[in-house]
>>> print(open('start.csv').read())   # CSV, C-alpha atoms
chain,number,residue,atom,x,y,z
A,1,MET,CA,-9.3,78.9,-31.5
A,2,LYS,CA,-12.8,80.3,-31.6
A,3,ASP,CA,-12.1,83.6,-33.5
A,4,ASP,CA,-11.4,84.1,-37.2
A,5,PHE,CA,-7.6,84.2,-37.1
A,6,ILE,CA,-4.9,81.7,-38.0
A,7,ARG,CA,-2.0,82.1,-35.6
A,8,VAL,CA,1.5,81.0,-36.6
A,9,THR,CA,4.4,81.1,-34.1
A,10,TYR,CA,7.8,81.6,-35.6
A,11,ARG,CA,11.2,81.4,-33.9
A,12,ILE,CA,13.0,84.4,-35.4
A,13,GLU,CA,16.7,85.3,-35.3
A,14,CYS,CA,18.2,88.5,-36.7
A,15,ALA,CA,20.9,91.0,-36.0
A,16,GLY,CA,18.4,93.9,-35.9
A,17,SER,CA,15.2,94.4,-34.0
A,18,ILE,CA,13.0,91.4,-33.5
A,19,GLU,CA,10.0,93.7,-33.2
A,20,ALA,CA,10.7,95.4,-36.5
A,21,MET,CA,11.3,92.0,-38.3
A,22,ALA,CA,8.1,90.6,-36.9
A,23,ALA,CA,6.2,93.7,-38.2
A,24,LYS,CA,7.9,93.4,-41.6
A,25,ILE,CA,6.9,89.7,-41.9
A,26,ALA,CA,3.3,90.5,-41.0
A,27,SER,CA,3.1,93.3,-43.5
A,28,ASP,CA,4.9,91.5,-46.4
A,29,GLN,CA,2.8,88.4,-46.0
A,30,SER,CA,-0.5,90.2,-46.0
A,31,THR,CA,-1.3,93.6,-47.4
A,32,GLY,CA,2.0,95.5,-47.5
A,33,THR,CA,5.3,95.7,-49.4
A,34,PHE,CA,8.6,97.6,-49.3
A,35,THR,CA,6.9,101.0,-49.7
A,36,GLU,CA,3.7,102.7,-48.8
A,37,LEU,CA,0.7,102.0,-51.1
A,38,PRO,CA,-2.2,104.3,-51.9
A,39,GLY,CA,-4.5,101.3,-52.0
A,40,GLU,CA,-3.6,100.0,-48.6
A,41,THR,CA,-6.4,101.7,-46.8
A,42,ASP,CA,-7.6,101.2,-43.3
A,43,ALA,CA,-10.5,99.2,-44.6
A,44,VAL,CA,-8.1,96.9,-46.5
A,45,ARG,CA,-5.8,96.5,-43.5
A,46,LYS,CA,-8.7,95.8,-41.2
A,47,ARG,CA,-10.0,93.1,-43.6
A,48,CYS,CA,-6.7,91.3,-44.5
A,49,ALA,CA,-3.6,92.6,-42.7
A,50,ALA,CA,-1.7,90.3,-40.4
A,51,ARG,CA,-0.8,91.5,-37.0
A,52,VAL,CA,1.9,90.7,-34.5
A,53,GLU,CA,0.2,89.4,-31.3
A,54,GLY,CA,3.1,88.4,-29.1
A,55,ILE,CA,6.8,88.3,-28.8
A,56,ALA,CA,8.6,86.1,-26.3
A,57,SER,CA,12.3,87.0,-26.1
A,58,LEU,CA,14.9,84.3,-26.1
A,59,ASP,CA,18.7,84.5,-25.3
A,60,ASP,CA,20.8,86.2,-28.0
A,61,ALA,CA,23.2,84.1,-30.1
A,62,ASP,CA,26.8,85.1,-30.9
A,63,THR,CA,26.8,83.4,-34.3
A,64,PRO,CA,24.0,83.3,-36.8
A,65,GLY,CA,21.9,80.2,-37.3
A,66,PHE,CA,22.6,80.4,-41.0
A,67,PRO,CA,24.7,82.9,-43.0
A,68,ASP,CA,23.6,86.6,-42.8
A,69,ARG,CA,25.2,88.9,-45.4
A,70,ASP,CA,23.9,92.1,-43.8
A,71,GLY,CA,24.4,91.7,-40.1
A,72,ALA,CA,26.9,91.1,-37.3
A,73,GLY,CA,26.3,89.7,-33.9
A,74,PRO,CA,24.9,89.5,-31.4
A,75,TYR,CA,21.9,87.9,-33.0
A,76,HIS,CA,18.5,88.5,-31.3
A,77,ARG,CA,16.1,85.7,-31.0
A,78,GLY,CA,12.4,85.4,-30.1
A,79,ASP,CA,9.2,83.5,-30.6
A,80,VAL,CA,6.8,85.7,-32.5
A,81,THR,CA,3.1,85.0,-33.0
A,82,ILE,CA,1.5,86.5,-36.0
A,83,ALA,CA,-2.3,86.4,-36.6
A,84,TYR,CA,-3.6,86.1,-40.1
A,85,PRO,CA,-7.3,86.9,-40.8
A,86,LEU,CA,-9.2,83.9,-41.9
A,87,GLU,CA,-10.8,86.0,-44.5
A,88,ALA,CA,-7.4,86.4,-46.2
A,89,ILE,CA,-6.5,82.7,-46.2
A,90,GLY,CA,-9.7,80.7,-45.9
A,91,THR,CA,-9.4,77.0,-45.3
A,92,ASP,CA,-7.2,76.0,-48.2
A,93,VAL,CA,-3.9,74.3,-47.3
A,94,ALA,CA,-2.1,75.8,-50.3
A,95,ALA,CA,-3.2,79.3,-49.3
A,96,LEU,CA,-2.0,78.7,-45.8
A,97,MET,CA,1.4,77.4,-47.0
A,98,THR,CA,1.8,80.2,-49.4
A,99,ILE,CA,0.8,83.1,-47.2
A,100,ALA,CA,1.8,82.1,-43.7
A,101,ILE,CA,4.7,79.6,-44.3
A,102,GLY,CA,6.4,79.7,-47.6
A,103,GLY,CA,7.1,83.4,-48.0
A,104,VAL,CA,8.5,84.1,-44.6
A,105,PHE,CA,11.7,82.3,-45.3
A,106,ALA,CA,12.6,84.8,-48.0
A,107,ALA,CA,12.7,87.9,-45.7
A,108,ARG,CA,16.0,89.7,-45.9
A,109,GLY,CA,17.9,90.2,-42.6
A,110,LEU,CA,17.0,86.9,-41.0
A,111,SER,CA,19.7,84.6,-39.7
A,112,GLY,CA,17.1,82.1,-38.5
A,113,ILE,CA,13.4,81.4,-38.9
A,114,ARG,CA,11.5,78.3,-37.9
A,115,VAL,CA,7.7,77.6,-37.8
A,116,MET,CA,7.0,76.4,-34.3
A,117,ASP,CA,3.2,76.0,-34.3
A,118,ILE,CA,0.0,76.7,-36.1
A,119,ASP,CA,-3.2,77.4,-34.3
A,120,LEU,CA,-6.2,77.0,-36.6
A,121,PRO,CA,-9.8,78.3,-36.0
A,122,GLU,CA,-12.8,76.1,-35.9
A,123,ALA,CA,-13.5,76.7,-39.6
A,124,TRP,CA,-10.6,74.4,-40.4
A,125,SER,CA,-12.5,71.5,-39.0
A,126,CYS,CA,-14.0,71.3,-42.5
A,127,HIS,CA,-11.1,69.0,-43.5
A,128,PRO,CA,-11.9,65.3,-43.2
A,129,GLY,CA,-9.3,64.2,-40.8
A,130,PRO,CA,-8.6,60.5,-40.1
A,131,GLN,CA,-11.1,58.0,-41.5
A,132,PHE,CA,-10.1,55.3,-39.1
A,133,GLY,CA,-7.5,56.7,-36.6
A,134,ILE,CA,-6.9,54.9,-33.3
A,135,ALA,CA,-10.2,53.2,-32.8
A,136,GLY,CA,-10.6,52.2,-36.4
A,137,SER,CA,-7.1,50.8,-36.5
A,138,ARG,CA,-7.8,48.7,-33.4
A,139,ARG,CA,-11.0,47.4,-34.9
A,140,MET,CA,-9.5,46.5,-38.3
A,141,MET,CA,-6.7,44.6,-36.6
A,142,GLY,CA,-8.9,43.0,-33.9
A,143,VAL,CA,-6.7,44.4,-31.1
A,144,GLU,CA,-9.0,45.6,-28.3
A,145,ARG,CA,-6.3,46.6,-25.9
A,146,GLY,CA,-2.5,46.8,-25.6
A,147,PRO,CA,0.0,48.0,-28.2
A,148,MET,CA,-0.4,46.8,-31.8
A,149,ILE,CA,2.7,44.9,-32.8
A,150,ALA,CA,3.9,45.4,-36.3
A,151,SER,CA,6.6,44.5,-38.7
A,152,ILE,CA,8.1,45.5,-42.0
A,153,ILE,CA,9.1,43.3,-45.0
A,154,LYS,CA,12.9,42.8,-44.8
A,155,PRO,CA,15.0,43.0,-46.9
A,156,SER,CA,13.4,46.3,-47.8
A,157,LEU,CA,14.1,46.0,-51.5
A,158,GLY,CA,15.0,43.0,-53.7
A,159,LEU,CA,12.4,40.3,-52.9
A,160,THR,CA,10.2,39.0,-55.6
A,161,PRO,CA,6.4,38.9,-55.0
A,162,GLU,CA,6.6,35.2,-54.1
A,163,GLU,CA,9.5,35.7,-51.7
A,164,THR,CA,7.6,38.6,-50.1
A,165,ALA,CA,4.6,36.5,-49.7
A,166,GLU,CA,6.7,33.9,-47.8
A,167,VAL,CA,7.9,36.6,-45.4
A,168,VAL,CA,4.3,37.6,-44.9
A,169,ARG,CA,3.4,34.0,-44.1
A,170,VAL,CA,6.2,33.8,-41.5
A,171,LEU,CA,5.2,37.1,-39.9
A,172,CYS,CA,1.5,36.1,-39.8
A,173,GLU,CA,2.4,32.8,-38.1
A,174,ALA,CA,4.7,34.8,-35.7
A,175,GLY,CA,1.7,36.7,-34.4
A,176,VAL,CA,2.0,40.2,-35.7
A,177,ASP,CA,-1.0,42.5,-36.0
A,178,PHE,CA,0.2,44.6,-38.9
A,179,ILE,CA,2.8,44.3,-41.7
A,180,LYS,CA,3.9,46.9,-44.2
A,181,ASP,CA,5.8,47.4,-47.3
A,182,ASP,CA,9.0,49.5,-46.7
A,183,GLU,CA,8.4,53.1,-47.7
A,184,LYS,CA,10.9,52.6,-50.5
A,185,MET,CA,8.8,49.8,-52.0
A,186,MET,CA,6.2,51.2,-54.4
A,187,ASN,CA,6.1,49.7,-58.0
A,188,PRO,CA,9.6,48.4,-59.0
A,189,THR,CA,9.8,46.3,-62.1
A,190,TYR,CA,11.1,43.2,-60.2
A,191,ALA,CA,8.1,43.3,-57.8
A,192,PRO,CA,5.2,45.3,-59.3
A,193,LEU,CA,2.5,46.4,-56.9
A,194,LYS,CA,-0.2,44.3,-58.5
A,195,ALA,CA,1.9,41.2,-58.5
A,196,ARG,CA,2.6,41.8,-54.8
A,197,VAL,CA,-1.1,42.1,-54.0
A,198,ASP,CA,-1.8,38.9,-56.0
A,199,ALA,CA,0.9,37.0,-54.0
A,200,ILE,CA,0.3,38.5,-50.5
A,201,MET,CA,-3.5,38.7,-50.2
A,202,PRO,CA,-4.1,34.9,-50.5
A,203,VAL,CA,-1.6,34.4,-47.6
A,204,ILE,CA,-3.5,37.0,-45.5
A,205,ARG,CA,-6.9,35.4,-46.3
A,206,ASP,CA,-5.6,31.9,-45.6
A,207,HIS,CA,-4.3,32.9,-42.2
A,208,ALA,CA,-7.6,34.6,-41.4
A,209,GLU,CA,-9.6,31.6,-42.3
A,210,ARG,CA,-7.4,29.3,-40.3
A,211,THR,CA,-7.0,31.4,-37.2
A,212,GLY,CA,-9.7,34.1,-37.3
A,213,LYS,CA,-6.9,36.8,-37.2
A,214,GLN,CA,-7.0,39.3,-40.0
A,215,VAL,CA,-3.5,40.7,-40.2
A,216,MET,CA,-3.5,44.3,-41.6
A,217,TYR,CA,-1.1,44.6,-44.6
A,218,ALA,CA,-0.2,48.1,-45.8
A,219,PHE,CA,0.8,48.2,-49.5
A,220,GLY,CA,3.0,51.0,-50.9
A,221,ILE,CA,0.6,52.7,-53.3
A,222,SER,CA,2.2,56.2,-53.5
A,223,SER,CA,2.7,57.9,-56.8
A,224,ALA,CA,3.2,61.5,-57.9
A,225,ASP,CA,0.3,60.9,-60.4
A,226,PRO,CA,-3.0,60.9,-58.5
A,227,ASP,CA,-4.7,58.8,-61.1
A,228,THR,CA,-2.0,56.1,-60.8
A,229,MET,CA,-2.2,56.2,-57.1
A,230,MET,CA,-6.0,55.7,-57.2
A,231,GLU,CA,-5.6,52.8,-59.6
A,232,ASN,CA,-3.2,51.3,-57.1
A,233,HIS,CA,-5.6,52.0,-54.3
A,234,ASP,CA,-8.5,50.4,-56.2
A,235,TYR,CA,-6.5,47.2,-57.0
A,236,VAL,CA,-5.7,46.7,-53.3
A,237,VAL,CA,-9.4,47.3,-52.3
A,238,ARG,CA,-10.7,44.9,-55.0
A,239,ASN,CA,-8.4,42.2,-53.7
A,240,GLY,CA,-9.5,42.5,-50.1
A,241,GLY,CA,-6.7,44.8,-48.7
A,242,ASN,CA,-7.5,47.3,-46.1
A,243,ALA,CA,-4.3,49.5,-45.7
A,244,ALA,CA,-1.7,51.5,-47.6
A,245,VAL,CA,1.6,53.1,-46.9
A,246,ILE,CA,1.6,56.7,-48.1
A,247,ASN,CA,4.8,58.7,-48.5
A,248,ILE,CA,3.1,62.0,-47.6
A,249,ASN,CA,5.9,64.4,-48.6
A,250,SER,CA,6.3,62.7,-52.0
A,251,ILE,CA,2.6,62.9,-53.0
A,252,GLY,CA,2.1,66.3,-51.5
A,253,TYR,CA,-0.9,68.0,-50.0
A,254,GLY,CA,-3.0,67.8,-53.1
A,255,GLY,CA,-2.2,64.1,-53.6
A,256,MET,CA,-3.2,63.4,-50.0
A,257,SER,CA,-6.4,65.4,-50.3
A,258,PHE,CA,-7.3,63.6,-53.6
A,259,LEU,CA,-6.7,60.2,-52.0
A,260,ARG,CA,-8.5,60.7,-48.7
A,261,LYS,CA,-11.7,61.9,-50.4
A,262,ARG,CA,-11.8,58.6,-52.3
A,263,SER,CA,-10.1,56.2,-50.0
A,264,ALA,CA,-11.4,53.0,-48.5
A,265,LEU,CA,-8.0,52.1,-47.0
A,266,CYS,CA,-6.4,52.9,-43.6
A,267,LEU,CA,-3.7,55.3,-44.6
A,268,HIS,CA,-0.3,54.7,-42.9
A,269,ALA,CA,1.8,57.8,-43.2
A,270,HIS,CA,5.6,57.8,-43.7
A,271,ARG,CA,7.1,61.2,-43.3
A,272,ASN,CA,10.4,60.7,-45.2
A,273,GLY,CA,11.6,64.1,-46.2
A,274,TRP,CA,10.5,65.8,-43.0
A,275,ASP,CA,14.1,65.8,-41.9
A,276,ILE,CA,14.8,68.3,-44.7
A,277,LEU,CA,12.3,70.7,-43.0
A,278,THR,CA,13.5,70.3,-39.5
A,279,ARG,CA,17.0,69.1,-39.0
A,280,HIS,CA,18.6,72.5,-39.0
A,281,PRO,CA,17.5,74.1,-35.6
A,282,ALA,CA,17.4,77.6,-37.0
A,283,LEU,CA,15.4,76.7,-40.1
A,284,GLY,CA,12.3,74.8,-41.2
A,285,MET,CA,9.4,73.5,-39.3
A,286,GLU,CA,8.7,71.8,-35.9
A,287,PHE,CA,6.8,68.5,-36.1
A,288,ARG,CA,4.1,70.1,-33.9
A,289,ALA,CA,3.1,72.4,-36.8
A,290,TYR,CA,3.8,70.0,-39.6
A,291,GLN,CA,1.7,67.1,-38.4
A,292,LYS,CA,-1.5,69.2,-37.9
A,293,ILE,CA,-1.9,69.7,-41.6
A,294,TRP,CA,-1.4,66.0,-42.5
A,295,ARG,CA,-3.8,64.9,-39.8
A,296,LEU,CA,-6.5,67.3,-41.1
A,297,LEU,CA,-6.0,65.9,-44.6
A,298,GLY,CA,-6.6,62.4,-43.4
A,299,VAL,CA,-3.6,60.5,-42.0
A,300,ASP,CA,-4.8,57.4,-40.0
A,301,GLN,CA,-1.5,56.2,-38.7
A,302,PHE,CA,1.6,58.3,-38.3
A,303,GLN,CA,5.2,57.1,-38.1
A,304,ILE,CA,7.2,59.2,-35.6
A,305,ASN,CA,10.5,57.3,-34.9
A,306,GLY,CA,11.1,56.1,-31.3
A,307,ILE,CA,13.3,55.9,-28.3
A,308,ARG,CA,17.0,55.3,-29.3
A,309,ALA,CA,16.0,55.3,-32.9
A,310,LYS,CA,18.5,54.4,-35.6
A,311,TYR,CA,18.3,57.8,-37.2
A,312,TRP,CA,19.5,61.3,-36.0
A,313,GLU,CA,16.4,62.3,-34.0
A,314,PRO,CA,16.9,62.7,-30.3
A,315,ASP,CA,14.6,60.9,-27.8
A,316,GLU,CA,13.1,64.3,-26.6
A,317,SER,CA,12.0,65.0,-30.2
A,318,PHE,CA,10.2,61.7,-30.5
A,319,VAL,CA,8.5,62.1,-27.1
A,320,GLN,CA,7.3,65.6,-28.1
A,321,SER,CA,6.1,64.2,-31.5
A,322,PHE,CA,4.1,61.5,-29.7
A,323,HIS,CA,2.4,64.0,-27.5
A,324,ASP,CA,1.7,66.2,-30.6
A,325,VAL,CA,-0.1,63.5,-32.5
A,326,MET,CA,-2.1,62.5,-29.4
A,327,THR,CA,-3.3,66.0,-28.8
A,328,PRO,CA,-6.7,66.7,-30.4
A,329,ILE,CA,-6.9,69.6,-32.8
A,330,PHE,CA,-10.7,69.9,-32.8
A,331,SER,CA,-11.8,66.5,-31.3
A,332,PRO,CA,-10.3,63.2,-30.0
A,333,ASP,CA,-11.3,61.6,-33.3
A,334,ASP,CA,-8.8,63.6,-35.3
A,335,ARG,CA,-5.9,61.8,-33.6
A,336,PRO,CA,-4.0,59.3,-35.8
A,337,LEU,CA,-2.5,56.1,-34.3
A,338,PRO,CA,1.1,57.0,-33.3
A,339,VAL,CA,3.6,54.5,-34.9
A,340,VAL,CA,6.7,54.0,-32.8
A,341,CYS,CA,9.5,52.8,-35.2
A,342,SER,CA,13.1,53.0,-36.3
A,343,GLY,CA,15.4,50.4,-34.7
A,344,GLN,CA,12.8,49.2,-32.2
A,345,TRP,CA,13.3,45.7,-30.7
A,346,GLY,CA,11.6,45.8,-27.4
A,347,GLY,CA,14.5,47.2,-25.3
A,348,GLN,CA,12.9,50.6,-25.6
A,349,ALA,CA,9.4,49.5,-24.5
A,350,VAL,CA,9.6,50.5,-20.8
A,351,GLU,CA,11.0,53.9,-21.5
A,352,THR,CA,8.6,54.5,-24.3
A,353,TYR,CA,5.7,53.5,-22.0
A,354,ASN,CA,6.8,55.8,-19.2
A,355,ARG,CA,7.7,58.8,-21.3
A,356,THR,CA,4.6,58.8,-23.5
A,357,GLY,CA,2.1,59.0,-20.7
A,358,ARG,CA,1.8,55.3,-19.9
A,359,THR,CA,-0.5,54.7,-22.8
A,360,LEU,CA,-0.9,51.5,-24.9
A,361,ASP,CA,-2.6,53.3,-27.8
A,362,LEU,CA,0.3,52.9,-30.2
A,363,MET,CA,1.7,50.7,-32.9
A,364,TYR,CA,5.1,49.3,-32.1
A,365,LEU,CA,6.9,48.6,-35.4
A,366,GLY,CA,9.9,46.3,-35.4
A,367,GLY,CA,11.8,45.4,-38.6
A,368,GLY,CA,15.3,44.1,-37.8
A,369,GLY,CA,14.2,43.7,-34.1
A,370,ILE,CA,11.8,40.9,-35.3
A,371,HIS,CA,13.6,39.4,-38.3
A,372,GLY,CA,17.0,39.6,-36.7
A,373,HIS,CA,16.1,37.9,-33.4
A,374,PRO,CA,18.4,34.9,-32.7
A,375,GLY,CA,15.4,32.6,-32.4
A,376,GLY,CA,13.8,33.9,-35.6
A,377,PRO,CA,10.7,36.1,-36.3
A,378,THR,CA,8.3,34.2,-34.0
A,379,ALA,CA,10.7,34.7,-31.1
A,380,GLY,CA,11.2,38.3,-32.1
A,381,VAL,CA,7.5,39.0,-31.9
A,382,ARG,CA,7.2,37.2,-28.6
A,383,ALA,CA,10.2,39.2,-27.2
A,384,ILE,CA,8.5,42.5,-28.1
A,385,ARG,CA,5.2,41.4,-26.6
A,386,GLN,CA,7.1,40.3,-23.4
A,387,ALA,CA,8.8,43.7,-23.3
A,388,TRP,CA,5.5,45.5,-23.4
A,389,GLU,CA,4.1,43.2,-20.7
A,390,ALA,CA,7.0,44.2,-18.5
A,391,ALA,CA,6.3,47.9,-19.2
A,392,ALA,CA,2.6,47.7,-18.5
A,393,SER,CA,3.2,45.7,-15.3
A,394,GLY,CA,5.9,48.1,-14.0
A,395,GLN,CA,8.7,45.5,-14.1
A,396,SER,CA,12.1,46.1,-15.5
A,397,LEU,CA,13.1,44.2,-18.7
A,398,GLU,CA,15.7,42.3,-16.8
A,399,THR,CA,13.3,41.0,-14.2
A,400,HIS,CA,10.8,40.0,-16.8
A,401,ALA,CA,13.4,38.4,-19.0
A,402,ALA,CA,14.4,36.0,-16.1
A,403,THR,CA,11.3,34.0,-16.9
A,404,HIS,CA,10.9,34.8,-20.6
A,405,PRO,CA,13.7,33.4,-22.8
A,406,GLU,CA,12.8,35.3,-26.0
A,407,LEU,CA,13.1,38.6,-24.2
A,408,ALA,CA,16.3,37.4,-22.6
A,409,ALA,CA,17.8,36.6,-26.0
A,410,SER,CA,16.9,40.1,-27.3
A,411,LEU,CA,18.6,41.7,-24.3
A,412,GLU,CA,21.7,39.5,-24.8
A,413,LYS,CA,21.9,40.5,-28.5
A,414,TRP,CA,21.0,44.2,-28.5
A,415,GLY,CA,20.8,45.3,-24.9
>>> encode(input="start.csv", output="structure tokens")
Amino acid sequence: MKDDFIRVTYRIECAGSIEAMAAKIASDQSTGTFTELPGETDAVRKRCAARVEGIASLDDADTPGFPDRDGAGPYHRGDVTIAYPLEAIGTDVAALMTIAIGGVFAARGLSGIRVMDIDLPEAWSCHPGPQFGIAGSRRMMGVERGPMIASIIKPSLGLTPEETAEVVRVLCEAGVDFIKDDEKMMNPTYAPLKARVDAIMPVIRDHAERTGKQVMYAFGISSADPDTMMENHDYVVRNGGNAAVININSIGYGGMSFLRKRSALCLHAHRNGWDILTRHPALGMEFRAYQKIWRLLGVDQFQINGIRAKYWEPDESFVQSFHDVMTPIFSPDDRPLPVVCSGQWGGQAVETYNRTGRTLDLMYLGGGGIHGHPGGPTAGVRAIRQAWEAAASGQSLETHAATHPELAASLEKWG
């Protein structure tokens, strides 16, 4: 957007007039209230009043998206775009969330409201965005082309630092490009972060010295206390680490902004908690809108589930999320590396490749799909690489598996 407005598109449902509800939201969230005000002059409205710019009608619903004490069906639905003057919000994320997002859910008479998209003017390019993104992630992992193959420490919880280091050694030998702490692993008493760093980094360095391959390891440094999080960050950096897992919803916008301004690490975002915002179709926020803010704040790598994921999210939602993170906001450099994850074992590679635009600019993250392979982790990594070879060459998995036993074993177990 080249002008000085922030445009938010909401999917609204109500028993009354969509037009009247849209006008009410625009007024309530800018200069107006429930009654006329002597101070709400034309000059004030011109400077700061939000305005309804468009309404796209959708089919009515017979039942409300969520309980509505005031209405009775049919329930009218529409996608409403409201423009907020940049002068009223500025470029602060907290102001955007307060004025254009948070307050709209409180409007009386709604039986559904969902934030579908946010279009930001050029002034918002002031935010730092990814420090490393796609190109930097490739460079740090030494992967010039093809998907970056990654794994997770399994079991997710319960391993001591020494046991974790042994899993890291096995995964490095297996040929992964990236390893991460599970998002649940932060600073438990049985495996404190500093002890994990002390145990894992010598394994990473030894592997690099012997093979020339620097495997990226992302440590879970998240904390609700920014000072503690930075202490964790600094310890990883001092010991040669180059990446961190960040639970973005847990640390919040302020925590992410604080970290990014000081970070020397590649920041791998886990979005746990996003489901609270999006799982009800009549409420919350689409990933398209959600991900823009975290990208501007500095996410380098973004987990977005995958095809036939082990969680609730349908394939269509993953595909849309992939295209969302790969769509520039202001420039191609503000795109994070999409991380395909959640129950991935290689059997989804061909469909993933075809449905995401036949791109190899992604990280493919296998946990159980690597550790649980019948031939062990090394065979698990080989099977995933073979699956992506099949995808890129236009072959079916079954055809490629005829001459690749590791892939054949994966298909036999999980296919």
>>> atom_distance(input="start.csv", atom1="atom CA of A:Gly78", atom2="atom CA of A:Glu316")
21.4 Å
>>> residues_around(input="start.csv", residues="A:Val52", least_positions_apart="6", cutoff="7 Å", atoms="all atoms listed in the file", output="list in words")
Ala22, Ala23, Ala26, Thr81, Ile82 and Ala83 of chain A
>>> residues_around(input="start.csv", residues="A:Gly16", least_positions_apart="5", cutoff="12 Å", atoms="only C-alpha atoms", output="PyMOL selection string")
chain A and resi 21-22+24+60+68+70-78+108-111
>>> write_last_selection(input="start.csv", atoms="C-alpha atoms", output="CSV table (one decimal), keeping the file's coordinate frame")
chain,number,residue,atom,x,y,z
A,21,MET,CA,11.3,92.0,-38.3
A,22,ALA,CA,8.1,90.6,-36.9
A,24,LYS,CA,7.9,93.4,-41.6
A,60,ASP,CA,20.8,86.2,-28.0
A,68,ASP,CA,23.6,86.6,-42.8
A,70,ASP,CA,23.9,92.1,-43.8
A,71,GLY,CA,24.4,91.7,-40.1
A,72,ALA,CA,26.9,91.1,-37.3
A,73,GLY,CA,26.3,89.7,-33.9
A,74,PRO,CA,24.9,89.5,-31.4
A,75,TYR,CA,21.9,87.9,-33.0
A,76,HIS,CA,18.5,88.5,-31.3
A,77,ARG,CA,16.1,85.7,-31.0
A,78,GLY,CA,12.4,85.4,-30.1
A,108,ARG,CA,16.0,89.7,-45.9
A,109,GLY,CA,17.9,90.2,-42.6
A,110,LEU,CA,17.0,86.9,-41.0
A,111,SER,CA,19.7,84.6,-39.7
>>> residues_around(input="start.csv", residues="A:Ala224", least_positions_apart="4", cutoff="12 Å", atoms="all atoms listed in the file", output="PyMOL selection string")
chain A and resi 186+228-230+246-256+258-259
>>> atom_distance(input="start.csv", atom1="atom CA of A:Glu53", atom2="atom CA of A:Met97")
19.8 Å
>>> atom_distance(input="start.csv", atom1="atom CA of A:Ala349", atom2="atom CA of A:Ala387")
6.0 Å
>>> residues_around(input="start.csv", residues="A:Thr359", least_positions_apart="3", cutoff="10 Å", atoms="only C-alpha atoms", output="list in words")
Gly146, Pro147, Thr352, Tyr353, Asn354, Arg355, Thr356, Leu362 and Ala392 of chain A
>>> decode(input="start.csv", residues="stretch 289-303 of chain A", atoms="N, CA and C atoms", output="mmCIF file, in the first residue's frame")
data_model
loop_
_atom_site.group_PDB
_atom_site.id
_atom_site.type_symbol
_atom_site.label_atom_id
_atom_site.label_comp_id
_atom_site.auth_asym_id
_atom_site.auth_seq_id
_atom_site.Cartn_x
_atom_site.Cartn_y
_atom_site.Cartn_z
ATOM 1 N N ALA A 289 -3.036 -12.984 8.067
ATOM 2 C CA ALA A 289 -2.870 -11.745 8.829
ATOM 3 C C ALA A 289 -1.855 -11.923 9.950
ATOM 4 N N TYR A 290 -1.973 -13.017 10.665
ATOM 5 C CA TYR A 290 -1.127 -13.295 11.836
ATOM 6 C C TYR A 290 0.355 -13.280 11.503
ATOM 7 N N GLN A 291 0.721 -13.950 10.414
ATOM 8 C CA GLN A 291 2.139 -14.150 10.125
ATOM 9 C C GLN A 291 2.849 -12.865 9.702
ATOM 10 N N LYS A 292 2.111 -11.900 9.171
ATOM 11 C CA LYS A 292 2.754 -10.670 8.713
ATOM 12 C C LYS A 292 3.455 -9.938 9.857
ATOM 13 N N ILE A 293 2.808 -9.883 11.003
ATOM 14 C CA ILE A 293 3.383 -9.147 12.131
ATOM 15 C C ILE A 293 4.657 -9.820 12.624
ATOM 16 N N TRP A 294 4.629 -11.149 12.758
ATOM 17 C CA TRP A 294 5.819 -11.853 13.245
ATOM 18 C C TRP A 294 6.965 -11.760 12.252
ATOM 19 N N ARG A 295 6.658 -11.747 10.978
ATOM 20 C CA ARG A 295 7.709 -11.577 9.969
ATOM 21 C C ARG A 295 8.355 -10.204 10.080
ATOM 22 N N LEU A 296 7.537 -9.173 10.220
ATOM 23 C CA LEU A 296 8.096 -7.835 10.344
ATOM 24 C C LEU A 296 8.931 -7.697 11.613
ATOM 25 N N LEU A 297 8.553 -8.420 12.670
ATOM 26 C CA LEU A 297 9.303 -8.356 13.923
ATOM 27 C C LEU A 297 10.595 -9.155 13.872
ATOM 28 N N GLY A 298 10.758 -10.053 12.870
ATOM 29 C CA GLY A 298 12.068 -10.657 12.710
ATOM 30 C C GLY A 298 12.179 -12.157 12.678
ATOM 31 N N VAL A 299 11.088 -12.875 12.433
ATOM 32 C CA VAL A 299 11.173 -14.334 12.317
ATOM 33 C C VAL A 299 11.990 -14.716 11.080
ATOM 34 N N ASP A 300 12.959 -15.630 11.253
ATOM 35 C CA ASP A 300 13.783 -16.108 10.132
ATOM 36 C C ASP A 300 13.245 -17.391 9.516
ATOM 37 N N GLN A 301 12.702 -18.260 10.343
ATOM 38 C CA GLN A 301 12.167 -19.543 9.900
ATOM 39 C C GLN A 301 10.815 -19.724 10.590
ATOM 40 N N PHE A 302 9.818 -20.211 9.848
ATOM 41 C CA PHE A 302 8.449 -20.228 10.375
ATOM 42 C C PHE A 302 7.846 -21.617 10.197
ATOM 43 N N GLN A 303 7.530 -22.296 11.295
ATOM 44 C CA GLN A 303 6.856 -23.590 11.226
ATOM 45 C C GLN A 303 5.390 -23.397 10.829
#
